[in-house]
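**Q** For reference, the structure I am asking about is given below.
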2 protein chains.
Amino acid sequence: MKDKHRVAILGFGVVGGGVADLIINNRAELCSYLGCEVEIAHILDLRDFPESPLSHLVTHDFGDILSDESVDTVIEVMGGEHPAYEYSSAALAAGKSVITSNKEVVALHGDEFIRLAAQAGVSYRFEAAVGGGIPVIAPLLSSVRQNKIREVRGILNGTTNYILTRMFNDGVDLSTALKDAQARGYAEANPAADIEGIDAARKITILTALATDVLPSVDEVYTEGITGIREADVRLARKIGHEIKLVGRCIAGEAGLPTVCVAPFLIPGDSPLATVSGVYNAVEVIAEPLGNVMFYGQGAGAGATASAVVGDLIPIISTGGVNPIAAGFNRVSESVRPNFDRLKSRFYLAFDGADEKIASALGEVIENGGEIAVLTEKIAEADMQQRLSTLGAKPLSVIRFI
Amino acid sequence: MKDKHRVAILGFGVVGGGVADLIINNRAELCSYLGCEVEIAHILDLRDFPESPLSHLVTHDFGDILSDESVDTVIEVMGGEHPAYEYSSAALAAGKSVITSNKEVVALHGDEFIRLAAQAGVSYRFEAAVGGGIPVIAPLLSSVRQNKIREVRGILNGTTNYILTRMFNDGVDLSTALKDAQARGYAEANPAADIEGIDAARKITILTALATDVLPSVDEVYTEGITGIREADVRLARKIGHEIKLVGRCIAGEAGLPTVCVAPFLIPGDSPLATVSGVYNAVEVIAEPLGNVMFYGQGAGAGATASAVVGDLIPIISTGGVNPIAAGFNRVSESVRPNFDRLKSRFYLAFDGADEKIASALGEVIENGGEIAVLTEKIAEADMQQRLSTLGAKPLSVIRFI
């Protein structure tokens, strides 16, 4: 084991800054624990940072990093597909390990990079791409895979969980909660990737590959965000002792492909996932014979993400870079979408008071502040769509029970 | 990597049986994931198991296992300090890795065995000794230690958590809840180790070593169980929106020794630990810059424990037995007890109605169904004891806020 492990950080934004801070502030912990110094060799960014004590490390030219043989690991925390894809590819081919928080790149190209890393005898690691600071990937691969995994489900997006928590705890509408989230920096100015479920879809895609060795196409994952959640839905959920959470789910198939989806789900109020509030995330695994385990923590934020990124250095330094057990991450061409169409769930549907006849035809009817709420028996997704179509039904809301 | 990894199981009780079941039932998962077959070579037990399909593997003589060079790993799931200590010691000296669920042996001898394993070039692993099936040790060592750990706290005993949950949810007294736990197999006929907090104390001792590299003496850990919890205490906790949980805590010292204790604590009802119910356990880590993470799952039971035991095979098989980064586990001679005496907490004290004068001298007074509940400001443990002594106070209950 070398005395020094030299890293290059690509991107000096919130996460990159957090990574640099951690490496510097926790130098003693890292050194004693890893048995070697972690040194920042270069920081890549388009901007200059004249006020930063690290400004002398900043370069605008990726070539400086690629050609520096003393750089052991590249930390890619740039965000976005390009040029993160190109830089990661070049770094791995040049025999440098890559650690990333970039869920888009991992979901779209993780299979390619895992293979490339294996060929080059280095690692491609991405704990920070899934649960932010929560250790998820490491425990999944080292402590859970000996079981038969039945399902992996998670609250994977802090922005939407914060919004839903506000709606539940404070009785505000989605628009108000979103503005509040933006004011606090929990949501982007353009929040679409979060509130439309795309961020969660990328993360459940990665989790699916880790749990089942099948890497589906993100585009084939049924993805529904929270934009349709109304105060009346929150009211109904509370009435029946449930919470509404945006949940990504990977349900193992008996043989063949898993069922993968992201959608709002009604969850019993006393179940572990239901208690996850605000910007916190959690991943729950249901496996045999282990039972239920859950990993909970902050899904985003400089400190939490930096922790996960630097944590990925530990196995790289200790095993010299090679993943002895690599996740399968086998991209499949078949779509996982037909499995979702077969998924059986109970549904909550909301109807205008005038639609009582249609509502009663669908299931148990509950009055809900002027609306009619219907709770159905378990029915497959495709069959539910069919029934609604046949009845000419126009529900105000459709939310599945988990 | 060899084709076969041969294991010997010491103890064919609930856990040993669960381990054997997992190895056999999940053969496909293990084989594809580990890249090799796991084979049970011997099972040690005093009893015969004529009905078992594995009866031909049962031996009463540890010598059969020790002298069998083809045995790679010994799985010690016997319980009790002896002869588990002797068998573990001999196995490690003979160059066999040891995996255990035995919290008593780990708390008392973990330091010795980690060093012995390192000398012999093998592993001593004990995930199952801490959180049952919850991955705790692996994530702590691989995903958390890069942070400054401020505190590790956990609900570490399912028996007591089940009892407290029953008292809270159903308003029964401790004696009733205990009988129910025993009827369900969640508590032993002699439940002392659980309800007096000794089991939790062993586990927090192990966690302390993993989080801080200091292995204290279990005897020096302030240990208070749940035997003093009364219905009136539950009533007061609910009144102020809190739960009472038996929590093991390791609070990092600024420099030097940590503060380690086990006691009932009042926890805000919306905090993650407060939502852990029934036989479930959870370990929460507060660290910088990571923030709060929590690991949750079943702390006991054949399936959960077997999962953790077999999970420990993964790094043994993949890295050929050596722990590249070993926990410090340094036994210290100094007592951790003085740090507890300095721990500042807010206290809830219950007094008989007649003791109002004494009660008001201690803090804010709340009427509680005929009793007087006092909520104090933060005060150090030793100072609280002193004040109670000076006032001649005889509280009906003393419970700290976390």
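For the structure tokens, the naming scheme is as follows: chains receive sequential letters (A, B, ...) according to their order of presentation, residues are indexed from 1 within each chain, and ligands are indexed from 1 in presentation order.
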Can you list, as a PDB file with N, CA, C and O atoms, in the first residue's frame, every protein, DNA or RNA residue that comes within 6 Å of segment 226-237 of chain A when you count only C-alpha atoms, leaving out same-chain residues fewer than 5 positions away?

**A**
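selection_33.pdb, freshly written:
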ATOM      1  N   ASP A 173     -50.757  23.141   0.054  1.00  0.00           N
ATOM      2  CA  ASP A 173     -50.843  22.481  -1.249  1.00  0.00           C
ATOM      3  C   ASP A 173     -49.451  22.326  -1.842  1.00  0.00           C
ATOM      4  O   ASP A 173     -48.458  22.874  -1.332  1.00  0.00           O
ATOM      5  N   ILE A 195     -39.477  16.491  -9.164  1.00  0.00           N
ATOM      6  CA  ILE A 195     -40.891  16.292  -8.871  1.00  0.00           C
ATOM      7  C   ILE A 195     -41.602  15.411  -9.895  1.00  0.00           C
ATOM      8  O   ILE A 195     -42.692  14.920  -9.646  1.00  0.00           O
ATOM      9  N   HIS A 242     -52.621   6.445   6.684  1.00  0.00           N
ATOM     10  CA  HIS A 242     -51.523   6.204   5.761  1.00  0.00           C
ATOM     11  C   HIS A 242     -50.772   7.490   5.455  1.00  0.00           C
ATOM     12  O   HIS A 242     -51.242   8.591   5.750  1.00  0.00           O
ATOM     13  N   GLU A 243     -49.591   7.349   4.879  1.00  0.00           N
ATOM     14  CA  GLU A 243     -48.844   8.475   4.332  1.00  0.00           C
ATOM     15  C   GLU A 243     -48.752   8.273   2.820  1.00  0.00           C
ATOM     16  O   GLU A 243     -48.891   7.147   2.332  1.00  0.00           O
TER      17      GLU A 243
END

**Q** Can you tell me which residues surround Glu377 of chain B at a distance of at most 12 Å, considering only C-alpha atoms, apart from same-chain residues fewer than 4 positions away, and format the answer as JSON, numbers by chain?

**A** {"B": [344, 345, 346, 347, 348, 349, 361, 362, 363, 364, 365, 381, 383, 384, 400, 401]}

**Q** Residues of chain B no more than 8 Å from chain A, counting only C-alpha atoms: send them over as an MDAnalysis selection string.

**A** chainID B and resid 22 26 29:30 33:34 133:135 138:139 142:148 270 272 275:276 288:298 303:308 310:312 314:315 318:319 324:325

**Q** Which residues are near Ala192 of chain A? Cut-off 10 Å, only C-alpha atoms, ignore same chain within fewer than 6 positions. Put them as a list in words.

**A**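 So, after excluding close chain neighbours, the residues are Ile198, Asp199, Gly225 and Thr227 of chain A.
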
**Q** Please produce an output containing N, CA and C atoms for each residue in the selection, written as an mmCIF file, in the first residue's frame.

**A**
data_model
loop_
_atom_site.group_PDB
_atom_site.id
_atom_site.type_symbol
_atom_site.label_atom_id
_atom_site.label_comp_id
_atom_site.auth_asym_id
_atom_site.auth_seq_id
_atom_site.Cartn_x
_atom_site.Cartn_y
_atom_site.Cartn_z
ATOM 1 N N ILE A 198 -37.972 11.635 -12.132
ATOM 2 C CA ILE A 198 -36.891 11.147 -13.003
ATOM 3 C C ILE A 198 -35.648 10.816 -12.182
ATOM 4 N N ASP A 199 -35.331 11.683 -11.224
ATOM 5 C CA ASP A 199 -34.184 11.424 -10.345
ATOM 6 C C ASP A 199 -34.371 10.095 -9.616
ATOM 7 N N GLY A 225 -44.423 11.117 -11.050
ATOM 8 C CA GLY A 225 -43.958 11.988 -9.978
ATOM 9 C C GLY A 225 -45.099 12.406 -9.062
ATOM 10 N N THR A 227 -46.671 15.476 -9.068
ATOM 11 C CA THR A 227 -47.382 16.682 -9.501
ATOM 12 C C THR A 227 -48.888 16.555 -9.385
#

**Q** Would you mind writing down, as a PyMOL selection string, each residue of segment 8-215 of chain B that DSSP on the backbone assigns to strand (DSSP E or B)?

**A** chain B and resi 8-10+37-44+58-59+73-76+97-100+124-125+148-155+214-215

**Q** Those residues with N, CA, C and O atoms, as a compact mmCIF listing (two decimals), in the first residue's frame please?

**A**
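The resulting selection_38.txt:
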# COMPACT_ATOMS: atom_id res chain seq x y z
N ALA B 8 -17.35 -25.22 9.08
CA ALA B 8 -17.85 -26.05 10.18
C ALA B 8 -18.72 -25.16 11.05
O ALA B 8 -18.35 -24.02 11.35
N ILE B 9 -19.88 -25.68 11.44
CA ILE B 9 -20.81 -24.92 12.27
C ILE B 9 -20.74 -25.46 13.69
O ILE B 9 -20.94 -26.67 13.91
N LEU B 10 -20.44 -24.58 14.65
CA LEU B 10 -20.41 -25.00 16.05
C LEU B 10 -21.71 -24.59 16.72
O LEU B 10 -21.96 -23.40 16.92
N GLU B 37 -18.70 -22.57 -4.30
CA GLU B 37 -19.65 -23.32 -3.47
C GLU B 37 -19.30 -23.16 -2.00
O GLU B 37 -18.13 -23.19 -1.63
N VAL B 38 -20.32 -23.05 -1.18
CA VAL B 38 -20.09 -23.12 0.27
C VAL B 38 -20.56 -24.49 0.72
O VAL B 38 -21.70 -24.89 0.48
N GLU B 39 -19.67 -25.24 1.36
CA GLU B 39 -19.98 -26.60 1.76
C GLU B 39 -19.88 -26.73 3.27
O GLU B 39 -18.91 -26.25 3.87
N ILE B 40 -20.89 -27.37 3.86
CA ILE B 40 -20.83 -27.63 5.30
C ILE B 40 -20.06 -28.93 5.51
O ILE B 40 -20.49 -29.99 5.04
N ALA B 41 -18.92 -28.84 6.18
CA ALA B 41 -18.07 -30.01 6.40
C ALA B 41 -18.45 -30.76 7.67
O ALA B 41 -18.47 -32.00 7.70
N HIS B 42 -18.72 -30.00 8.74
CA HIS B 42 -19.03 -30.59 10.04
C HIS B 42 -20.00 -29.69 10.78
O HIS B 42 -20.00 -28.48 10.59
N ILE B 43 -20.78 -30.31 11.66
CA ILE B 43 -21.63 -29.57 12.59
C ILE B 43 -21.33 -30.11 13.98
O ILE B 43 -21.47 -31.31 14.23
N LEU B 44 -20.91 -29.22 14.88
CA LEU B 44 -20.58 -29.65 16.24
C LEU B 44 -21.75 -29.42 17.16
O LEU B 44 -22.31 -28.33 17.20
N VAL B 58 -22.91 -34.31 11.79
CA VAL B 58 -22.84 -33.94 13.20
C VAL B 58 -21.73 -34.71 13.91
O VAL B 58 -21.61 -35.92 13.77
N THR B 59 -20.92 -33.97 14.66
CA THR B 59 -19.88 -34.59 15.48
C THR B 59 -19.95 -33.99 16.89
O THR B 59 -20.40 -32.86 17.08
N THR B 73 -13.34 -22.14 7.30
CA THR B 73 -13.93 -21.19 8.24
C THR B 73 -14.77 -21.92 9.28
O THR B 73 -15.53 -22.84 8.93
N VAL B 74 -14.61 -21.51 10.53
CA VAL B 74 -15.43 -22.05 11.61
C VAL B 74 -16.50 -21.02 11.96
O VAL B 74 -16.20 -19.85 12.18
N ILE B 75 -17.75 -21.47 11.97
CA ILE B 75 -18.88 -20.59 12.31
C ILE B 75 -19.30 -20.91 13.73
O ILE B 75 -19.89 -21.96 14.00
N GLU B 76 -18.98 -20.00 14.65
CA GLU B 76 -19.23 -20.25 16.08
C GLU B 76 -20.54 -19.60 16.49
O GLU B 76 -20.61 -18.37 16.66
N SER B 97 -10.45 -19.08 9.59
CA SER B 97 -11.21 -17.88 9.95
C SER B 97 -12.36 -18.28 10.87
O SER B 97 -12.81 -19.43 10.87
N VAL B 98 -12.79 -17.34 11.69
CA VAL B 98 -13.92 -17.60 12.59
C VAL B 98 -14.97 -16.50 12.39
O VAL B 98 -14.65 -15.31 12.38
N ILE B 99 -16.21 -16.93 12.21
CA ILE B 99 -17.37 -16.03 12.16
C ILE B 99 -18.23 -16.35 13.37
O ILE B 99 -18.44 -17.53 13.67
N THR B 100 -18.69 -15.32 14.07
CA THR B 100 -19.48 -15.59 15.26
C THR B 100 -20.67 -14.66 15.41
O THR B 100 -20.68 -13.55 14.86
N TYR B 124 -11.47 -12.65 11.90
CA TYR B 124 -12.43 -12.90 12.97
C TYR B 124 -13.56 -11.89 12.74
O TYR B 124 -13.33 -10.68 12.83
N ARG B 125 -14.75 -12.38 12.41
CA ARG B 125 -15.83 -11.48 12.02
C ARG B 125 -17.08 -11.73 12.85
O ARG B 125 -17.37 -12.87 13.23
N LYS B 148 -16.06 12.16 11.08
CA LYS B 148 -15.84 12.25 12.52
C LYS B 148 -17.13 11.73 13.16
O LYS B 148 -18.18 12.34 13.03
N ILE B 149 -17.02 10.60 13.83
CA ILE B 149 -18.20 10.03 14.47
C ILE B 149 -18.45 10.73 15.79
O ILE B 149 -17.58 10.75 16.66
N ARG B 150 -19.62 11.32 15.93
CA ARG B 150 -19.97 12.01 17.17
C ARG B 150 -20.63 11.06 18.15
O ARG B 150 -20.37 11.09 19.34
N GLU B 151 -21.55 10.25 17.64
CA GLU B 151 -22.25 9.31 18.52
C GLU B 151 -22.76 8.13 17.72
O GLU B 151 -23.12 8.25 16.55
N VAL B 152 -22.73 6.97 18.37
CA VAL B 152 -23.43 5.79 17.88
C VAL B 152 -24.45 5.43 18.94
O VAL B 152 -24.09 5.30 20.12
N ARG B 153 -25.70 5.34 18.57
CA ARG B 153 -26.73 5.00 19.55
C ARG B 153 -27.64 3.95 18.95
O ARG B 153 -27.88 3.97 17.74
N GLY B 154 -28.13 3.05 19.76
CA GLY B 154 -28.97 2.02 19.18
C GLY B 154 -29.99 1.40 20.11
O GLY B 154 -29.80 1.36 21.32
N ILE B 155 -31.06 0.95 19.48
CA ILE B 155 -31.99 0.04 20.13
C ILE B 155 -31.46 -1.34 19.78
O ILE B 155 -31.56 -1.76 18.62
N VAL B 214 -11.60 2.03 20.78
CA VAL B 214 -11.43 1.76 22.21
C VAL B 214 -12.41 0.66 22.61
O VAL B 214 -13.62 0.81 22.42
N LEU B 215 -11.91 -0.46 23.13
CA LEU B 215 -12.79 -1.51 23.63
C LEU B 215 -12.83 -1.40 25.14
O LEU B 215 -11.87 -1.78 25.83

**Q** Going by DSSP on the backbone, which residues of segment 216-312 of chain B come out as helix (DSSP H, G or I)? List them as JSON, numbers by chain.

**A** {"B": [218, 219, 220, 231, 232, 233, 234, 235, 236, 237, 238, 239, 272, 273, 274, 275, 302, 303, 304, 305, 306, 307, 308, 309, 310, 311]}

**Q** With N, CA and C atoms retained, could you export that selection as a short mmCIF file (atom, residue, chain, number, x, y, z; two decimals), in the first residue's frame?

**A**
data_model
loop_
_atom_site.label_atom_id
_atom_site.label_comp_id
_atom_site.auth_asym_id
_atom_site.auth_seq_id
_atom_site.Cartn_x
_atom_site.Cartn_y
_atom_site.Cartn_z
N VAL B 218 -16.91 -4.28 29.66
CA VAL B 218 -18.38 -4.26 29.75
C VAL B 218 -18.81 -3.89 31.17
N ASP B 219 -18.06 -4.34 32.15
CA ASP B 219 -18.42 -4.07 33.55
C ASP B 219 -18.39 -2.58 33.87
N GLU B 220 -17.63 -1.82 33.10
CA GLU B 220 -17.51 -0.39 33.38
C GLU B 220 -18.57 0.43 32.66
N GLU B 231 -46.23 2.20 34.28
CA GLU B 231 -47.29 2.74 33.42
C GLU B 231 -47.35 4.26 33.52
N ALA B 232 -47.08 4.80 34.71
CA ALA B 232 -47.12 6.26 34.88
C ALA B 232 -46.04 6.94 34.04
N ASP B 233 -44.91 6.26 33.87
CA ASP B 233 -43.83 6.82 33.05
C ASP B 233 -44.24 6.85 31.59
N VAL B 234 -44.86 5.78 31.15
CA VAL B 234 -45.35 5.71 29.77
C VAL B 234 -46.37 6.82 29.54
N ARG B 235 -47.24 7.01 30.53
CA ARG B 235 -48.28 8.03 30.41
C ARG B 235 -47.66 9.42 30.26
N LEU B 236 -46.64 9.68 31.07
CA LEU B 236 -45.99 10.99 31.00
C LEU B 236 -45.28 11.18 29.67
N ALA B 237 -44.62 10.14 29.22
CA ALA B 237 -43.89 10.24 27.95
C ALA B 237 -44.85 10.59 26.81
N ARG B 238 -45.98 9.90 26.80
CA ARG B 238 -46.96 10.17 25.75
C ARG B 238 -47.49 11.59 25.85
N LYS B 239 -47.67 12.04 27.07
CA LYS B 239 -48.18 13.39 27.30
C LYS B 239 -47.26 14.42 26.67
N PRO B 272 -36.11 9.25 14.35
CA PRO B 272 -36.06 7.92 13.73
C PRO B 272 -36.06 6.77 14.73
N LEU B 273 -35.25 6.87 15.78
CA LEU B 273 -35.18 5.76 16.73
C LEU B 273 -36.53 5.52 17.41
N ALA B 274 -37.28 6.58 17.61
CA ALA B 274 -38.55 6.44 18.32
C ALA B 274 -39.54 5.58 17.55
N THR B 275 -39.36 5.49 16.24
CA THR B 275 -40.32 4.76 15.42
C THR B 275 -40.00 3.28 15.31
N ALA B 302 -33.67 -16.60 13.78
CA ALA B 302 -32.78 -17.50 13.03
C ALA B 302 -32.41 -16.91 11.68
N GLY B 303 -33.42 -16.44 10.95
CA GLY B 303 -33.17 -15.99 9.58
C GLY B 303 -32.28 -14.77 9.52
N ALA B 304 -32.60 -13.78 10.35
CA ALA B 304 -31.82 -12.54 10.33
C ALA B 304 -30.38 -12.80 10.78
N THR B 305 -30.22 -13.57 11.84
CA THR B 305 -28.88 -13.84 12.35
C THR B 305 -28.08 -14.68 11.35
N ALA B 306 -28.73 -15.66 10.76
CA ALA B 306 -28.05 -16.49 9.76
C ALA B 306 -27.58 -15.64 8.59
N SER B 307 -28.41 -14.69 8.19
CA SER B 307 -28.03 -13.80 7.09
C SER B 307 -26.74 -13.07 7.40
N ALA B 308 -26.64 -12.54 8.62
CA ALA B 308 -25.44 -11.79 8.99
C ALA B 308 -24.22 -12.70 9.06
N VAL B 309 -24.41 -13.91 9.59
CA VAL B 309 -23.30 -14.86 9.70
C VAL B 309 -22.78 -15.23 8.31
N VAL B 310 -23.68 -15.58 7.43
CA VAL B 310 -23.25 -15.99 6.09
C VAL B 310 -22.68 -14.80 5.32
N GLY B 311 -23.23 -13.62 5.58
CA GLY B 311 -22.70 -12.40 4.96
C GLY B 311 -21.23 -12.21 5.27
#

**Q** For Ala20 of chain B, which residue among B:Ala193, B:Val77, B:Leu156, B:Val71 is the nearest when counting only C-alpha atoms?

**A**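 Looking only at the distances to Ala20 of chain B, the closest residue turns out to be B:Val77.
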
**Q** Rank A:Gly278, A:Gly13, A:Gly256, A:Gly95 by their smallest atom-to-atom distance to Asp68 of chain A, using only C-alpha atoms, and report the top residue only.

**A**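 Of all the options, A:Gly95 lies closest to Asp68 of chain A.
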